[in-house]
Each structure stands twice: as C-alpha cells, then as structure tokens.
$ cat entry.pdb   # PDB, C-alpha atoms (C1' of nucleotides)
ATOM      1  CA  MET A   1       0.000   0.000   0.000  1.00  0.00           C
ATOM      2  CA  ASN A   2       0.901   3.657  -0.070  1.00  0.00           C
ATOM      3  CA  MET A   3       2.539   3.301  -3.442  1.00  0.00           C
ATOM      4  CA  ASN A   4       2.239   7.033  -3.979  1.00  0.00           C
ATOM      5  CA  ALA A   5       4.174   7.937  -0.884  1.00  0.00           C
ATOM      6  CA  GLU A   6       7.333   9.679  -1.872  1.00  0.00           C
ATOM      7  CA  ILE A   7      10.597   8.561  -0.549  1.00  0.00           C
ATOM      8  CA  PRO A   8      11.506  11.402   1.754  1.00  0.00           C
ATOM      9  CA  SER A   9      14.277  13.431   0.294  1.00  0.00           C
ATOM     10  CA  LEU A  10      17.398  14.017   2.269  1.00  0.00           C
ATOM     11  CA  ALA A  11      16.301  17.577   2.798  1.00  0.00           C
ATOM     12  CA  LYS A  12      12.997  16.537   4.303  1.00  0.00           C
ATOM     13  CA  LEU A  13      14.694  14.097   6.601  1.00  0.00           C
ATOM     14  CA  ALA A  14      17.164  16.745   7.632  1.00  0.00           C
ATOM     15  CA  ILE A  15      14.408  19.202   8.359  1.00  0.00           C
ATOM     16  CA  ALA A  16      12.494  16.686  10.408  1.00  0.00           C
ATOM     17  CA  LYS A  17      15.639  16.031  12.413  1.00  0.00           C
ATOM     18  CA  ILE A  18      16.193  19.715  12.933  1.00  0.00           C
ATOM     19  CA  ILE A  19      12.648  20.288  14.110  1.00  0.00           C
ATOM     20  CA  GLU A  20      12.923  17.383  16.483  1.00  0.00           C
ATOM     21  CA  ARG A  21      16.167  18.720  17.909  1.00  0.00           C
ATOM     22  CA  CYS A  22      14.707  22.207  18.275  1.00  0.00           C
ATOM     23  CA  GLU A  23      11.730  20.825  20.129  1.00  0.00           C
ATOM     24  CA  GLN A  24      14.009  19.059  22.553  1.00  0.00           C
ATOM     25  CA  LEU A  25      16.043  22.190  23.161  1.00  0.00           C
ATOM     26  CA  GLU A  26      12.920  24.290  23.532  1.00  0.00           C
ATOM     27  CA  ASN A  27      11.386  21.837  25.978  1.00  0.00           C
ATOM     28  CA  ASN A  28      14.581  21.756  27.994  1.00  0.00           C
ATOM     29  CA  LYS A  29      14.788  25.532  27.915  1.00  0.00           C
ATOM     30  CA  ASP A  30      18.336  24.996  26.744  1.00  0.00           C
ATOM     31  CA  ILE A  31      18.935  28.394  25.203  1.00  0.00           C
ATOM     32  CA  GLU A  32      22.695  27.989  24.912  1.00  0.00           C
ATOM     33  CA  GLY A  33      22.183  24.681  23.216  1.00  0.00           C
ATOM     34  CA  MET A  34      19.733  26.298  20.854  1.00  0.00           C
ATOM     35  CA  TYR A  35      22.246  28.955  19.881  1.00  0.00           C
ATOM     36  CA  ALA A  36      24.941  26.392  19.379  1.00  0.00           C
ATOM     37  CA  PHE A  37      22.619  24.325  17.259  1.00  0.00           C
ATOM     38  CA  MET A  38      21.495  27.268  15.172  1.00  0.00           C
ATOM     39  CA  ALA A  39      25.075  28.307  14.658  1.00  0.00           C
ATOM     40  CA  LEU A  40      25.533  25.164  12.618  1.00  0.00           C
ATOM     41  CA  PHE A  41      23.545  26.773   9.826  1.00  0.00           C
ATOM     42  CA  PRO A  42      25.487  29.375   7.918  1.00  0.00           C
ATOM     43  CA  ARG A  43      22.379  30.589   6.156  1.00  0.00           C
ATOM     44  CA  PRO A  44      18.647  30.426   6.850  1.00  0.00           C
ATOM     45  CA  ILE A  45      18.010  28.233   3.868  1.00  0.00           C
ATOM     46  CA  LEU A  46      16.749  25.323   5.874  1.00  0.00           C
ATOM     47  CA  CYS A  47      14.550  27.681   7.830  1.00  0.00           C
ATOM     48  CA  GLU A  48      12.949  28.788   4.596  1.00  0.00           C
ATOM     49  CA  LEU A  49      12.207  25.214   3.717  1.00  0.00           C
ATOM     50  CA  ALA A  50      10.862  24.332   7.114  1.00  0.00           C
ATOM     51  CA  ASP A  51       7.574  26.112   7.509  1.00  0.00           C
ATOM     52  CA  ASN A  52       7.784  25.566  11.213  1.00  0.00           C
ATOM     53  CA  GLU A  53       7.197  28.180  13.849  1.00  0.00           C
ATOM     54  CA  LEU A  54       9.646  26.673  16.275  1.00  0.00           C
ATOM     55  CA  ILE A  55      12.439  26.848  13.742  1.00  0.00           C
ATOM     56  CA  GLN A  56      11.581  30.375  12.746  1.00  0.00           C
ATOM     57  CA  LYS A  57      11.492  31.469  16.349  1.00  0.00           C
ATOM     58  CA  ALA A  58      14.750  29.741  17.195  1.00  0.00           C
ATOM     59  CA  TRP A  59      16.371  31.280  14.183  1.00  0.00           C
ATOM     60  CA  ALA A  60      15.155  34.744  15.109  1.00  0.00           C
ATOM     61  CA  GLN A  61      16.430  34.294  18.660  1.00  0.00           C
ATOM     62  CA  PHE A  62      19.769  33.176  17.372  1.00  0.00           C
ATOM     63  CA  CYS A  63      19.999  36.146  15.018  1.00  0.00           C
ATOM     64  CA  PHE A  64      19.218  38.440  17.928  1.00  0.00           C
ATOM     65  CA  TYR A  65      21.892  36.754  19.999  1.00  0.00           C
ATOM     66  CA  ILE A  66      24.604  37.198  17.386  1.00  0.00           C
ATOM     67  CA  GLY A  67      23.415  40.683  16.516  1.00  0.00           C
ATOM     68  CA  ASN A  68      22.258  39.990  12.989  1.00  0.00           C
ATOM     69  CA  TYR A  69      19.222  42.194  13.393  1.00  0.00           C
ATOM     70  CA  THR A  70      18.460  42.562   9.726  1.00  0.00           C
ATOM     71  CA  GLU A  71      18.002  38.853   9.379  1.00  0.00           C
ATOM     72  CA  MET A  72      15.991  38.791  12.591  1.00  0.00           C
ATOM     73  CA  TYR A  73      13.582  41.452  11.343  1.00  0.00           C
ATOM     74  CA  ARG A  74      13.199  39.611   8.096  1.00  0.00           C
ATOM     75  CA  THR A  75      12.386  36.387   9.880  1.00  0.00           C
ATOM     76  CA  LEU A  76       9.832  37.997  12.153  1.00  0.00           C
ATOM     77  CA  LYS A  77       8.171  39.782   9.253  1.00  0.00           C
ATOM     78  CA  ASN A  78       7.992  36.777   7.004  1.00  0.00           C
ATOM     79  CA  HIS A  79       6.342  34.266   9.272  1.00  0.00           C
ATOM     80  CA  GLN A  80       3.023  34.405  11.046  1.00  0.00           C
ATOM     81  CA  PHE A  81       3.619  33.572  14.708  1.00  0.00           C
ATOM     82  CA  SER A  82       1.070  32.270  17.181  1.00  0.00           C
ATOM     83  CA  HIS A  83      -0.159  34.547  19.879  1.00  0.00           C
ATOM     84  CA  TRP A  84       1.633  32.711  22.665  1.00  0.00           C
ATOM     85  CA  ASN A  85       4.945  33.742  21.097  1.00  0.00           C
ATOM     86  CA  HIS A  86       3.969  37.336  20.449  1.00  0.00           C
ATOM     87  CA  GLN A  87       5.063  38.865  23.733  1.00  0.00           C
ATOM     88  CA  GLU A  88       8.519  37.376  23.562  1.00  0.00           C
ATOM     89  CA  LEU A  89       9.050  38.250  19.928  1.00  0.00           C
ATOM     90  CA  GLN A  90       7.712  41.776  20.340  1.00  0.00           C
ATOM     91  CA  THR A  91      10.196  42.372  23.147  1.00  0.00           C
ATOM     92  CA  MET A  92      12.963  41.047  20.958  1.00  0.00           C
ATOM     93  CA  TRP A  93      11.888  43.258  18.055  1.00  0.00           C
ATOM     94  CA  TYR A  94      11.977  46.402  20.174  1.00  0.00           C
ATOM     95  CA  GLU A  95      15.162  45.475  21.997  1.00  0.00           C
ATOM     96  CA  ALA A  96      16.942  45.057  18.703  1.00  0.00           C
ATOM     97  CA  ARG A  97      15.654  48.414  17.502  1.00  0.00           C
ATOM     98  CA  TYR A  98      16.799  50.048  20.748  1.00  0.00           C
ATOM     99  CA  LYS A  99      20.236  48.530  20.436  1.00  0.00           C
ATOM    100  CA  GLU A 100      20.615  49.743  16.881  1.00  0.00           C
ATOM    101  CA  ALA A 101      19.434  53.232  17.732  1.00  0.00           C
ATOM    102  CA  ALA A 102      21.696  53.388  20.794  1.00  0.00           C
ATOM    103  CA  LYS A 103      24.678  52.306  18.750  1.00  0.00           C
ATOM    104  CA  GLN A 104      23.945  54.866  16.105  1.00  0.00           C
ATOM    105  CA  ARG A 105      23.792  57.759  18.530  1.00  0.00           C
ATOM    106  CA  GLY A 106      26.577  56.410  20.730  1.00  0.00           C
ATOM    107  CA  ARG A 107      24.736  56.346  24.074  1.00  0.00           C
ATOM    108  CA  ASN A 108      21.829  54.696  25.787  1.00  0.00           C
ATOM    109  CA  LEU A 109      18.301  55.743  25.021  1.00  0.00           C
ATOM    110  CA  ASP A 110      16.027  57.424  27.524  1.00  0.00           C
ATOM    111  CA  ASP A 111      12.352  56.575  27.661  1.00  0.00           C
ATOM    112  CA  ALA A 112      11.365  59.297  25.236  1.00  0.00           C
ATOM    113  CA  ALA A 113      13.893  58.084  22.709  1.00  0.00           C
ATOM    114  CA  LYS A 114      12.651  54.535  23.132  1.00  0.00           C
ATOM    115  CA  CYS A 115       9.125  55.718  22.545  1.00  0.00           C
ATOM    116  CA  ARG A 116      10.234  57.383  19.321  1.00  0.00           C
ATOM    117  CA  VAL A 117      11.949  54.193  18.245  1.00  0.00           C
ATOM    118  CA  ARG A 118       8.754  52.169  18.876  1.00  0.00           C
ATOM    119  CA  LYS A 119       6.784  54.652  16.815  1.00  0.00           C
ATOM    120  CA  LYS A 120       9.290  54.572  14.023  1.00  0.00           C
ATOM    121  CA  PHE A 121       9.432  50.783  13.896  1.00  0.00           C
ATOM    122  CA  PRO A 122       5.948  49.464  14.567  1.00  0.00           C
ATOM    123  CA  LEU A 123       5.526  45.764  15.171  1.00  0.00           C
ATOM    124  CA  PRO A 124       4.906  43.728  12.040  1.00  0.00           C
ATOM    125  CA  ARG A 125       1.517  42.083  11.751  1.00  0.00           C
ATOM    126  CA  THR A 126       3.107  38.695  12.026  1.00  0.00           C
ATOM    127  CA  ILE A 127       3.826  39.091  15.731  1.00  0.00           C
ATOM    128  CA  ARG A 128       0.595  40.811  16.693  1.00  0.00           C
ATOM    129  CA  LYS A 129      -2.781  39.409  17.531  1.00  0.00           C
ATOM    130  CA  ARG A 130      -5.040  38.723  14.582  1.00  0.00           C
ATOM    131  CA  ARG A 131      -8.792  38.245  14.522  1.00  0.00           C
ATOM    132  CA  HIS A 132      -9.774  35.312  12.442  1.00  0.00           C
ATOM    133  CA  VAL A 133     -13.148  34.772  10.855  1.00  0.00           C
ATOM    134  CA  PHE A 134     -15.248  31.707  11.442  1.00  0.00           C
ATOM    135  CA  ASN A 135     -16.443  29.592   8.615  1.00  0.00           C
ATOM    136  CA  LYS A 136     -19.721  31.013   7.283  1.00  0.00           C
ATOM    137  CA  ARG A 137     -21.774  27.978   8.211  1.00  0.00           C
ATOM    138  CA  SER A 138     -20.681  28.177  11.843  1.00  0.00           C
ATOM    139  CA  HIS A 139     -22.781  31.200  12.673  1.00  0.00           C
ATOM    140  CA  PRO A 140     -26.220  29.863  11.755  1.00  0.00           C
ATOM    141  CA  ILE A 141     -25.553  26.719  13.793  1.00  0.00           C
ATOM    142  CA  LEU A 142     -24.465  28.649  16.850  1.00  0.00           C
ATOM    143  CA  ARG A 143     -27.233  31.238  16.555  1.00  0.00           C
ATOM    144  CA  GLU A 144     -29.882  28.594  16.140  1.00  0.00           C
ATOM    145  CA  HIS A 145     -28.701  26.827  19.233  1.00  0.00           C
ATOM    146  CA  PHE A 146     -28.512  30.047  21.176  1.00  0.00           C
ATOM    147  CA  LEU A 147     -32.098  30.997  20.263  1.00  0.00           C
ATOM    148  CA  SER A 148     -33.478  27.534  20.875  1.00  0.00           C
ATOM    149  CA  VAL A 149     -32.142  27.504  24.437  1.00  0.00           C
ATOM    150  CA  LEU A 150     -32.552  31.179  25.176  1.00  0.00           C
ATOM    151  CA  HIS A 151     -34.085  30.335  28.516  1.00  0.00           C
ATOM    152  CA  ASN A 152     -30.787  28.739  29.452  1.00  0.00           C
ATOM    153  CA  PRO A 153     -28.033  29.823  27.071  1.00  0.00           C
ATOM    154  CA  TYR A 154     -25.288  28.038  28.970  1.00  0.00           C
ATOM    155  CA  PRO A 155     -24.288  24.958  27.021  1.00  0.00           C
ATOM    156  CA  ASP A 156     -22.664  22.251  29.113  1.00  0.00           C
ATOM    157  CA  ALA A 157     -19.380  20.675  28.125  1.00  0.00           C
ATOM    158  CA  ALA A 158     -21.005  17.934  26.067  1.00  0.00           C
ATOM    159  CA  THR A 159     -23.149  20.413  24.148  1.00  0.00           C
ATOM    160  CA  LYS A 160     -20.158  22.599  23.522  1.00  0.00           C
ATOM    161  CA  LYS A 161     -18.238  19.671  22.179  1.00  0.00           C
ATOM    162  CA  ASP A 162     -21.159  18.767  19.982  1.00  0.00           C
ATOM    163  CA  LEU A 163     -21.419  22.290  18.640  1.00  0.00           C
ATOM    164  CA  ALA A 164     -17.680  22.396  18.173  1.00  0.00           C
ATOM    165  CA  ASP A 165     -17.876  19.257  16.059  1.00  0.00           C
ATOM    166  CA  GLN A 166     -20.741  20.616  14.013  1.00  0.00           C
ATOM    167  CA  THR A 167     -19.071  23.945  13.343  1.00  0.00           C
ATOM    168  CA  GLY A 168     -15.481  22.828  13.101  1.00  0.00           C
ATOM    169  CA  LEU A 169     -14.507  25.211  15.890  1.00  0.00           C
ATOM    170  CA  THR A 170     -12.697  24.382  19.085  1.00  0.00           C
ATOM    171  CA  PRO A 171     -14.715  24.088  22.319  1.00  0.00           C
ATOM    172  CA  MET A 172     -12.919  27.199  23.522  1.00  0.00           C
ATOM    173  CA  GLN A 173     -14.092  29.120  20.473  1.00  0.00           C
ATOM    174  CA  VAL A 174     -17.638  27.948  21.123  1.00  0.00           C
ATOM    175  CA  SER A 175     -17.344  29.125  24.714  1.00  0.00           C
ATOM    176  CA  ASN A 176     -16.006  32.461  23.581  1.00  0.00           C
ATOM    177  CA  TRP A 177     -18.824  32.809  21.114  1.00  0.00           C
ATOM    178  CA  PHE A 178     -21.454  32.147  23.775  1.00  0.00           C
ATOM    179  CA  ASN A 179     -19.712  34.433  26.244  1.00  0.00           C
ATOM    180  CA  ASN A 180     -19.611  37.241  23.719  1.00  0.00           C
ATOM    181  CA  LEU A 181     -23.178  36.786  22.567  1.00  0.00           C
ATOM    182  CA  ARG A 182     -24.602  36.538  26.091  1.00  0.00           C
ATOM    183  CA  HIS A 183     -22.693  39.634  27.026  1.00  0.00           C
ATOM    184  CA  ARG A 184     -23.798  41.596  23.997  1.00  0.00           C
ATOM    185  CA  PHE A 185     -27.326  40.234  23.819  1.00  0.00           C
ATOM    186  CA  PHE A 186     -28.160  40.865  27.452  1.00  0.00           C
ATOM    187  CA  ALA A 187     -26.307  44.155  27.578  1.00  0.00           C
ATOM    188  CA  ALA A 188     -28.373  45.337  24.630  1.00  0.00           C
ATOM    189  CA  ASN A 189     -31.580  44.310  26.391  1.00  0.00           C
ATOM    190  CA  ARG A 190     -30.815  46.317  29.516  1.00  0.00           C
ATOM    191  CA  THR A 191     -31.480  50.018  30.007  1.00  0.00           C
TER     192      THR A 191
ATOM    193  C1'  DT B   1     -10.569  56.136   5.285  1.00  0.00           C
ATOM    194  C1'  DC B   2     -13.875  55.744   9.139  1.00  0.00           C
ATOM    195  C1'  DT B   3     -17.177  52.727  11.462  1.00  0.00           C
ATOM    196  C1'  DT B   4     -19.084  48.532  12.894  1.00  0.00           C
ATOM    197  C1'  DA B   5     -19.110  43.766  14.048  1.00  0.00           C
ATOM    198  C1'  DT B   6     -16.871  40.289  16.161  1.00  0.00           C
ATOM    199  C1'  DG B   7     -13.173  36.804  17.793  1.00  0.00           C
ATOM    200  C1'  DA B   8      -9.989  36.803  21.455  1.00  0.00           C
ATOM    201  C1'  DT B   9      -7.744  38.201  25.717  1.00  0.00           C
ATOM    202  C1'  DT B  10      -7.397  39.926  30.380  1.00  0.00           C
ATOM    203  C1'  DG B  11      -8.582  40.450  35.063  1.00  0.00           C
ATOM    204  C1'  DT B  12     -11.918  39.390  38.592  1.00  0.00           C
ATOM    205  C1'  DA B  13     -14.829  36.493  41.225  1.00  0.00           C
ATOM    206  C1'  DG B  14     -16.782  32.229  42.430  1.00  0.00           C
TER     207       DG B  14
ATOM    208  C1'  DC C   1     -11.872  25.144  35.972  1.00  0.00           C
ATOM    209  C1'  DT C   2     -16.176  28.626  34.523  1.00  0.00           C
ATOM    210  C1'  DA C   3     -18.784  33.028  33.664  1.00  0.00           C
ATOM    211  C1'  DC C   4     -18.475  37.513  33.107  1.00  0.00           C
ATOM    212  C1'  DA C   5     -17.360  42.600  31.988  1.00  0.00           C
ATOM    213  C1'  DA C   6     -14.321  45.256  29.871  1.00  0.00           C
ATOM    214  C1'  DT C   7     -11.307  45.835  26.492  1.00  0.00           C
ATOM    215  C1'  DC C   8      -8.331  45.018  22.474  1.00  0.00           C
ATOM    216  C1'  DA C   9      -7.413  44.256  17.564  1.00  0.00           C
ATOM    217  C1'  DT C  10      -8.958  43.838  13.230  1.00  0.00           C
ATOM    218  C1'  DA C  11     -11.863  41.970   9.083  1.00  0.00           C
ATOM    219  C1'  DA C  12     -15.477  43.563   6.679  1.00  0.00           C
ATOM    220  C1'  DG C  13     -18.557  47.025   5.418  1.00  0.00           C
ATOM    221  C1'  DA C  14     -19.753  51.896   4.512  1.00  0.00           C
TER     222       DA C  14
END

$ encode --input "entry.pdb" --output "structure tokens"
Amino acid sequence: MNMNAEIPSLAKLAIAKIIERCEQLENNKDIEGMYAFMALFPRPILCELADNELIQKAWAQFCFYIGNYTEMYRTLKNHQFSHWNHQELQTMWYEARYKEAAKQRGRNLDDAAKCRVRKKFPLPRTIRKRRHVFNKRSHPILREHFLSVLHNPYPDAATKKDLADQTGLTPMQVSNWFNNLRHRFFAANRT
DNA sequence: TCTTATGATTGTAG
DNA sequence: CTACAATCATAAGA
C-alpha cells in the first residue's frame, strides 16, 4: 500500500531532524544549546524550507543573539507567529531596535527616545494578535442553538463539544462565542 | 478612510 | 476550571 508515498528526500529528513532537535532544546529551555545548534547553519536556507514556527522562532532568537538584526527582522516579518509567542518576539523586536538606535547615537536611550523608536518601527503584523473569521456555516448553527435555548443559554461541556464538532470550531471558540453573545445580547436588552 | 461587528484576551470572582 | 465585563485588535462594510 501507499505506493504514492514519496521517498523522503534528504532535505525533508534533515528538516524533520532539525525540528525534532529544536523541540528538545525548547522543551529543555536549553537556550545555549539552541544557539549552538542554530550556529551550525550558515544561512537560513533550511529555515525557509521548514515552515515551522519553532524553527523560525529559534532562528530569530539566534539572530538576535549574534546581533544579525536585519536577518531577525526579516524572519519575524515573514512568518506568522502564534499569539503565545507574540510577547517574547515583540520584546525582541523592540530590543533590537533600541540597540541599533543606541549604537547609532553612541549612548543609551532614555524613555522618550525609546518611545520614538517604537513609533518609528511598529511591530509587524506577524507578531501581533489577529482576529480570524469563522467559517460562514458556523454562525447559523451557533445562533440557532442560542435561540433555541434562550431560557438557558449556557451549554454544558457535552453540548459545547457537539457544537464544536458541528461547526469545526474548538470548544474554547464555542465558549467564547457564547460568552460574547450573552454579554452583547443581554447588555443590549438592559437600560 | 472611518465605522461597525466580532473573535480573542485579560482580570476578577466564584 | 467557569462566567463575566471590559477591552483590544482587526476583518469587513460603509
């Protein structure tokens, strides 16, 4: 069976290995190890091939560490990062900008100067929160359920799971949706 | 470009 | 953990 499966190319194998290694280092919080590992790559070519957030993040951290800010900015701009990485990457983005500005003017920046730097170099969209739109068919399903149980619009865990399956959303997204709608619906009905 | 609608997050309380 | 209010950020609409 699986006659169509390609024999993994050397590159794919290599990338898989790299991702695996990065995961280990990340899990162990072995930052030094991560830098050492990243230093094995003279260029970010493998990172381009590996559409993997962990790799991109590790690469950006390494670039920050060695002071290759241009490459770091490029990496941050060219990959969409998940929200749980945003804080860390935003800090890194600004820190790099501060360092560059400080070097250019030959002394440390005060708060006002830092503020100017932040204004001048706004965070790229890739490391900021993004609102994503539900599939069109999700809304009618959720609304119908909400209206049908208006007397008790608090779905239990099983119902949430059921709705999540029907809509293709996560249970958390279903919860959020109900939270938001209850809030907005009942707020609108007060006065 | 400005406004609105809406998904997600944060902080609080239970 | 959950529900909730308040708020943020932004996709879509005007």

$ interface_residues --input "entry.pdb" --of "chain A" --to "chain C" --cutoff "9 Å" --atoms "only C-alpha atoms (C1' of nucleotides)" --output "list in words"
Arg128, Lys129, Arg130, Arg131, His132, Val133, Asn179 and His183 of chain A

$ write_last_selection --input "entry.pdb" --atoms "C-alpha atoms" --output "mmCIF file, in the frame of the given file"
data_model
loop_
_atom_site.group_PDB
_atom_site.id
_atom_site.type_symbol
_atom_site.label_atom_id
_atom_site.label_comp_id
_atom_site.auth_asym_id
_atom_site.auth_seq_id
_atom_site.Cartn_x
_atom_site.Cartn_y
_atom_site.Cartn_z
ATOM 1 C CA ARG A 128 0.595 40.811 16.693
ATOM 2 C CA LYS A 129 -2.781 39.409 17.531
ATOM 3 C CA ARG A 130 -5.040 38.723 14.582
ATOM 4 C CA ARG A 131 -8.792 38.245 14.522
ATOM 5 C CA HIS A 132 -9.774 35.312 12.442
ATOM 6 C CA VAL A 133 -13.148 34.772 10.855
ATOM 7 C CA ASN A 179 -19.712 34.433 26.244
ATOM 8 C CA HIS A 183 -22.693 39.634 27.026
#

$ resolve_selection --input "entry.pdb" --expression "the PyMOL selection byres ((chain A) within 12 of (chain B))" --output "number ranges by chain"
A: 83-84, 129-134, 139, 169, 172-181, 184

$ write_last_selection --input "entry.pdb" --atoms "C-alpha atoms" --output "short mmCIF file (atom, residue, chain, number, x, y, z; two decimals), in the coordinates of the input"
data_model
loop_
_atom_site.label_atom_id
_atom_site.label_comp_id
_atom_site.auth_asym_id
_atom_site.auth_seq_id
_atom_site.Cartn_x
_atom_site.Cartn_y
_atom_site.Cartn_z
CA HIS A 83 -0.16 34.55 19.88
CA TRP A 84 1.63 32.71 22.66
CA LYS A 129 -2.78 39.41 17.53
CA ARG A 130 -5.04 38.72 14.58
CA ARG A 131 -8.79 38.24 14.52
CA HIS A 132 -9.77 35.31 12.44
CA VAL A 133 -13.15 34.77 10.86
CA PHE A 134 -15.25 31.71 11.44
CA HIS A 139 -22.78 31.20 12.67
CA LEU A 169 -14.51 25.21 15.89
CA MET A 172 -12.92 27.20 23.52
CA GLN A 173 -14.09 29.12 20.47
CA VAL A 174 -17.64 27.95 21.12
CA SER A 175 -17.34 29.12 24.71
CA ASN A 176 -16.01 32.46 23.58
CA TRP A 177 -18.82 32.81 21.11
CA PHE A 178 -21.45 32.15 23.78
CA ASN A 179 -19.71 34.43 26.24
CA ASN A 180 -19.61 37.24 23.72
CA LEU A 181 -23.18 36.79 22.57
CA ARG A 184 -23.80 41.60 24.00
#

$ atom_distance --input "entry.pdb" --atom1 "CA of Gly33 in chain A" --atom2 "CA of Thr126 in chain A"
26.2 Å

$ atom_distance --input "entry.pdb" --atom1 "CA of Cys22 in chain A" --atom2 "CA of Leu89 in chain A"
17.1 Å

$ resolve_selection --input "entry.pdb" --expression "the PyMOL selection byres ((chain A and resi 145) around 12)" --output "MDAnalysis selection string"
chainID A and resid 138:144 146:155 159:160 162:164 166:167 174 177:178 181

$ atom_distance --input "entry.pdb" --atom1 "CA of Gln87 in chain A" --atom2 "CA of Ile18 in chain A"
24.6 Å

$ resolve_selection --input "entry.pdb" --expression "the PyMOL selection byres ((chain A and resi 59-69) around 10)" --output "ChimeraX atom specification"
/A:31-32,34-39,41,44,47,53-58,70-76,88-89,92-93,95-97,99-100

$ build_atoms --input "entry.pdb" --residues "range 117-130 of chain A" --atoms "N, CA, C and O atoms" --output "PDB file, in the frame of the given file"
ATOM      1  N   VAL A 117      11.515  55.377  18.994  1.00  0.00           N
ATOM      2  CA  VAL A 117      11.949  54.193  18.245  1.00  0.00           C
ATOM      3  C   VAL A 117      10.765  53.260  17.996  1.00  0.00           C
ATOM      4  O   VAL A 117      10.576  52.735  16.906  1.00  0.00           O
ATOM      5  N   ARG A 118       9.927  53.056  19.041  1.00  0.00           N
ATOM      6  CA  ARG A 118       8.754  52.169  18.876  1.00  0.00           C
ATOM      7  C   ARG A 118       7.816  52.706  17.815  1.00  0.00           C
ATOM      8  O   ARG A 118       7.267  51.968  17.016  1.00  0.00           O
ATOM      9  N   LYS A 119       7.652  54.029  17.807  1.00  0.00           N
ATOM     10  CA  LYS A 119       6.784  54.652  16.815  1.00  0.00           C
ATOM     11  C   LYS A 119       7.354  54.467  15.406  1.00  0.00           C
ATOM     12  O   LYS A 119       6.621  54.213  14.462  1.00  0.00           O
ATOM     13  N   LYS A 120       8.648  54.617  15.334  1.00  0.00           N
ATOM     14  CA  LYS A 120       9.290  54.572  14.023  1.00  0.00           C
ATOM     15  C   LYS A 120       9.295  53.159  13.452  1.00  0.00           C
ATOM     16  O   LYS A 120       9.234  52.971  12.249  1.00  0.00           O
ATOM     17  N   PHE A 121       9.372  52.173  14.356  1.00  0.00           N
ATOM     18  CA  PHE A 121       9.432  50.783  13.896  1.00  0.00           C
ATOM     19  C   PHE A 121       8.303  49.969  14.490  1.00  0.00           C
ATOM     20  O   PHE A 121       8.527  49.183  15.427  1.00  0.00           O
ATOM     21  N   PRO A 122       7.097  50.183  14.011  1.00  0.00           N
ATOM     22  CA  PRO A 122       5.948  49.464  14.567  1.00  0.00           C
ATOM     23  C   PRO A 122       6.095  47.954  14.374  1.00  0.00           C
ATOM     24  O   PRO A 122       6.778  47.502  13.448  1.00  0.00           O
ATOM     25  N   LEU A 123       5.450  47.218  15.245  1.00  0.00           N
ATOM     26  CA  LEU A 123       5.526  45.764  15.171  1.00  0.00           C
ATOM     27  C   LEU A 123       4.898  45.264  13.882  1.00  0.00           C
ATOM     28  O   LEU A 123       3.852  45.760  13.478  1.00  0.00           O
ATOM     29  N   PRO A 124       5.525  44.308  13.234  1.00  0.00           N
ATOM     30  CA  PRO A 124       4.906  43.728  12.040  1.00  0.00           C
ATOM     31  C   PRO A 124       3.668  42.921  12.418  1.00  0.00           C
ATOM     32  O   PRO A 124       3.547  42.460  13.560  1.00  0.00           O
ATOM     33  N   ARG A 125       2.789  42.776  11.493  1.00  0.00           N
ATOM     34  CA  ARG A 125       1.517  42.083  11.751  1.00  0.00           C
ATOM     35  C   ARG A 125       1.730  40.647  12.174  1.00  0.00           C
ATOM     36  O   ARG A 125       0.871  40.056  12.830  1.00  0.00           O
ATOM     37  N   THR A 126       2.863  40.118  11.782  1.00  0.00           N
ATOM     38  CA  THR A 126       3.107  38.695  12.026  1.00  0.00           C
ATOM     39  C   THR A 126       3.314  38.366  13.495  1.00  0.00           C
ATOM     40  O   THR A 126       3.219  37.212  13.892  1.00  0.00           O
ATOM     41  N   ILE A 127       3.622  39.370  14.311  1.00  0.00           N
ATOM     42  CA  ILE A 127       3.826  39.091  15.731  1.00  0.00           C
ATOM     43  C   ILE A 127       2.825  39.874  16.567  1.00  0.00           C
ATOM     44  O   ILE A 127       3.068  40.199  17.719  1.00  0.00           O
ATOM     45  N   ARG A 128       1.688  40.178  15.961  1.00  0.00           N
ATOM     46  CA  ARG A 128       0.595  40.811  16.693  1.00  0.00           C
ATOM     47  C   ARG A 128      -0.648  39.954  16.568  1.00  0.00           C
ATOM     48  O   ARG A 128      -0.786  39.164  15.641  1.00  0.00           O
ATOM     49  N   LYS A 129      -1.532  40.179  17.507  1.00  0.00           N
ATOM     50  CA  LYS A 129      -2.781  39.409  17.531  1.00  0.00           C
ATOM     51  C   LYS A 129      -3.577  39.639  16.251  1.00  0.00           C
ATOM     52  O   LYS A 129      -3.647  40.737  15.739  1.00  0.00           O
ATOM     53  N   ARG A 130      -4.189  38.599  15.773  1.00  0.00           N
ATOM     54  CA  ARG A 130      -5.040  38.723  14.582  1.00  0.00           C
ATOM     55  C   ARG A 130      -6.398  38.113  14.854  1.00  0.00           C
ATOM     56  O   ARG A 130      -6.498  37.064  15.468  1.00  0.00           O
TER      57      ARG A 130
END
